[in-house]
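J.: Pasting a structure here, questions to come.
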Amino acid sequence: MQARYYDALTGRFLTIDPATRTTGDIFAINNYAYANDNPIMRPDPSGRCADHYDDGTCKVNVDPASGEAGKTAGKSVEAVLNKYDKSINALSNRAKYNITDKTGKTIGTLTGKEIKAVWNGTSFNITNNKDFENGGAGGATGGAWGLFGGFKGTSEINASAVEQYAAAAASAHEDPFVGISTLTFHEIAHETHLGMMQTDEHPVENEISWPREWATSSAGKEMSSTVNAPFDCHIPGGCQ
């Protein structure tokens with residue numbers, strides 16, 4: 001099965017999902033910690049992204065009500081996921097990356113293990129102009145960390161938000177892919193431990209909290225830099 005050994009006789013995988021494998025962690029033994037613990041409804045041929053097509057490429061779920069705009073937005077986010085999926089999963093679990101603000105002050109750290117957990121555990125959904133009541137451009141991301149470091153989360157993004165980030169990049173004379181990459185990494189950064197701490201410190205309300213968004217974007221920028229993904233601090237969300 002490419003990433004794991006499957007035993008048809010017993011009807012189960014005999015090796016650990018690479019998305020949850022850790023170095024020296026004796027508790028990471030759950031062979032069913034793939035497809036968000038729902039292998040019947042969610043096929044996972046490569047053992048990487050939370051959602052996949054049959055050929056193993058990353059999948060973004062699209063609300064049919066979002067129409068052609070939703071389909072286009074979904075393909076745009078999929079392009080980001082597929083471009084950096086292998087590079088993210090090649091990160092060392094023990095690697096550490098400092099998150100800094102605009103003054104260079106360290107405000108947090110990321111590990112390779114944490115980056116892979118939120119990347120592989122986040123299911124992306126394109127929605128149809130949903131009001132998230134958070135003052136943002138049109139998206140909401142959240143999830144929960146497991147006892148032994150696993151993660152499950154969902155990122156809901158309006159098709160219009162994807163268009164807005166692409167247009168902002170274009171207006172800054174950047175490829176629209178830069179804007180969509182910025183949006184993708186920014187949303188995943190909300191699920192890191194630093195991102196969740198920021199949400200606890202600045203709870204989601206109708207009016208956007210810029211300290212929360214700036215700090216989270218700093219995490220997204222650092223995360224994207226680990227795989228040389230483009231991240232523009234001058235478009236919506238910004239960096240500190």
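In the structure tokens, each chain is lettered A, B, ... as it comes, each chain's residues begin at 1, and ligands are numbered from 1 in order of appearance.
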Skipping near chain neighbours, those fewer than 2 positions away, what residues fall within 9 Å of region 75-85 of chain A using only C-alpha atoms, listed as a ChimeraX atom specification?
T.: /A:48-49,57-60,70-73,87-90,119-120,124,162,177,180-181,183-184,227-229
J.: Name all residues at most 8 Å from region 95-101 of chain A (count only C-alpha atoms; drop same-chain ones fewer than 5 positions away) and give them as a list in words.
T.: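 Within the cut-off, the hits are Thr106, Ile107, Gly108, Thr109, Leu110, Thr111, Gly112, Lys113, Ala215, Ser218, Ala219, Glu222, Cys239 and Gln240 of chain A.
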J.: Got a sec to tell me which of region 55-202 of chain A DSSP assigns to strand (DSSP E), as a ChimeraX atom specification?
T.: /A:61-62,96-100,106-111,122-127,139-145,151-158
J.: Hey, can you spit out that residue selection with N, CA and C atoms as an mmCIF file, in the first residue's frame?
T.:
data_model
loop_
_atom_site.group_PDB
_atom_site.id
_atom_site.type_symbol
_atom_site.label_atom_id
_atom_site.label_comp_id
_atom_site.auth_asym_id
_atom_site.auth_seq_id
_atom_site.Cartn_x
_atom_site.Cartn_y
_atom_site.Cartn_z
ATOM 1 N N ASN A 61 -12.147 19.050 -0.023
ATOM 2 C CA ASN A 61 -13.583 18.819 -0.149
ATOM 3 C C ASN A 61 -14.298 20.120 -0.510
ATOM 4 N N VAL A 62 -15.166 20.059 -1.491
ATOM 5 C CA VAL A 62 -15.830 21.270 -1.991
ATOM 6 C C VAL A 62 -17.340 21.152 -1.845
ATOM 7 N N LYS A 96 13.763 21.683 15.092
ATOM 8 C CA LYS A 96 13.099 22.777 15.783
ATOM 9 C C LYS A 96 13.274 24.072 14.988
ATOM 10 N N TYR A 97 12.212 24.852 14.930
ATOM 11 C CA TYR A 97 12.210 26.096 14.173
ATOM 12 C C TYR A 97 11.655 27.207 15.058
ATOM 13 N N ASN A 98 12.360 28.321 15.139
ATOM 14 C CA ASN A 98 11.925 29.443 15.960
ATOM 15 C C ASN A 98 10.935 30.319 15.208
ATOM 16 N N ILE A 99 9.882 30.739 15.897
ATOM 17 C CA ILE A 99 8.895 31.667 15.347
ATOM 18 C C ILE A 99 9.231 33.039 15.906
ATOM 19 N N THR A 100 9.482 33.991 15.036
ATOM 20 C CA THR A 100 9.883 35.321 15.483
ATOM 21 C C THR A 100 8.907 36.392 15.017
ATOM 22 N N THR A 106 11.951 35.887 19.507
ATOM 23 C CA THR A 106 11.340 34.565 19.414
ATOM 24 C C THR A 106 10.069 34.532 20.248
ATOM 25 N N ILE A 107 8.963 34.182 19.612
ATOM 26 C CA ILE A 107 7.676 34.136 20.318
ATOM 27 C C ILE A 107 7.147 32.712 20.440
ATOM 28 N N GLY A 108 7.891 31.761 19.896
ATOM 29 C CA GLY A 108 7.473 30.365 19.992
ATOM 30 C C GLY A 108 8.386 29.482 19.160
ATOM 31 N N THR A 109 8.143 28.188 19.199
ATOM 32 C CA THR A 109 8.929 27.237 18.412
ATOM 33 C C THR A 109 7.997 26.215 17.768
ATOM 34 N N LEU A 110 8.482 25.630 16.703
ATOM 35 C CA LEU A 110 7.791 24.543 16.016
ATOM 36 C C LEU A 110 8.758 23.379 15.895
ATOM 37 N N THR A 111 8.239 22.165 15.930
ATOM 38 C CA THR A 111 9.069 21.001 15.656
ATOM 39 C C THR A 111 8.589 20.360 14.359
ATOM 40 N N THR A 122 -5.182 17.760 8.991
ATOM 41 C CA THR A 122 -6.153 18.810 8.665
ATOM 42 C C THR A 122 -6.923 18.481 7.392
ATOM 43 N N SER A 123 -8.231 18.451 7.504
ATOM 44 C CA SER A 123 -9.109 18.235 6.362
ATOM 45 C C SER A 123 -9.592 19.601 5.864
ATOM 46 N N PHE A 124 -9.313 19.915 4.592
ATOM 47 C CA PHE A 124 -9.691 21.209 4.022
ATOM 48 C C PHE A 124 -11.051 21.116 3.326
ATOM 49 N N ASN A 125 -11.895 22.103 3.603
ATOM 50 C CA ASN A 125 -13.226 22.169 3.004
ATOM 51 C C ASN A 125 -13.469 23.566 2.422
ATOM 52 N N ILE A 126 -13.897 23.617 1.163
ATOM 53 C CA ILE A 126 -14.289 24.891 0.554
ATOM 54 C C ILE A 126 -15.788 25.050 0.748
ATOM 55 N N THR A 127 -16.185 26.175 1.339
ATOM 56 C CA THR A 127 -17.586 26.411 1.671
ATOM 57 C C THR A 127 -18.171 27.508 0.773
ATOM 58 N N GLY A 139 -12.922 32.330 6.667
ATOM 59 C CA GLY A 139 -12.446 30.987 6.958
ATOM 60 C C GLY A 139 -12.375 30.744 8.453
ATOM 61 N N ALA A 140 -12.363 29.485 8.819
ATOM 62 C CA ALA A 140 -12.241 29.112 10.229
ATOM 63 C C ALA A 140 -11.552 27.761 10.312
ATOM 64 N N THR A 141 -10.581 27.663 11.194
ATOM 65 C CA THR A 141 -9.793 26.446 11.323
ATOM 66 C C THR A 141 -9.667 26.074 12.792
ATOM 67 N N GLY A 142 -9.811 24.803 13.082
ATOM 68 C CA GLY A 142 -9.670 24.343 14.463
ATOM 69 C C GLY A 142 -9.514 22.843 14.523
ATOM 70 N N GLY A 143 -9.143 22.358 15.683
ATOM 71 C CA GLY A 143 -8.951 20.924 15.846
ATOM 72 C C GLY A 143 -8.557 20.603 17.265
ATOM 73 N N ALA A 144 -8.080 19.389 17.469
ATOM 74 C CA ALA A 144 -7.702 18.946 18.808
ATOM 75 C C ALA A 144 -6.473 18.056 18.744
ATOM 76 N N TRP A 145 -5.613 18.216 19.724
ATOM 77 C CA TRP A 145 -4.415 17.401 19.833
ATOM 78 C C TRP A 145 -4.697 16.173 20.679
ATOM 79 N N PHE A 151 -3.013 14.704 15.776
ATOM 80 C CA PHE A 151 -3.867 15.865 15.600
ATOM 81 C C PHE A 151 -4.965 15.586 14.594
ATOM 82 N N LYS A 152 -6.161 16.124 14.868
ATOM 83 C CA LYS A 152 -7.281 16.077 13.937
ATOM 84 C C LYS A 152 -7.907 17.457 13.868
ATOM 85 N N GLY A 153 -8.040 17.980 12.668
ATOM 86 C CA GLY A 153 -8.624 19.301 12.536
ATOM 87 C C GLY A 153 -9.313 19.503 11.207
ATOM 88 N N THR A 154 -10.033 20.604 11.102
ATOM 89 C CA THR A 154 -10.750 20.948 9.883
ATOM 90 C C THR A 154 -10.538 22.430 9.576
ATOM 91 N N SER A 155 -10.265 22.723 8.330
ATOM 92 C CA SER A 155 -10.139 24.101 7.884
ATOM 93 C C SER A 155 -11.229 24.372 6.857
ATOM 94 N N GLU A 156 -12.158 25.243 7.218
ATOM 95 C CA GLU A 156 -13.226 25.639 6.304
ATOM 96 C C GLU A 156 -12.889 27.001 5.715
ATOM 97 N N ILE A 157 -12.878 27.092 4.407
ATOM 98 C CA ILE A 157 -12.515 28.338 3.735
ATOM 99 C C ILE A 157 -13.531 28.647 2.652
ATOM 100 N N ASN A 158 -14.042 29.857 2.647
ATOM 101 C CA ASN A 158 -14.947 30.273 1.586
ATOM 102 C C ASN A 158 -14.182 30.413 0.274
#
J.: How many Å separate CA of Glu174 (chain A) from CA of Gly238 (chain A)?
T.: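 Value for the CA of Glu174 (chain A)-CA of Gly238 (chain A) distance: 14.9 Å.
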J.: Rounded to one decimal in Å, what is the spacing between CA of Ala117 (chain A) and CA of Pro203 (chain A)?
T.: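 Answer for the CA of Ala117 (chain A) to CA of Pro203 (chain A) separation: 23.4 Å.
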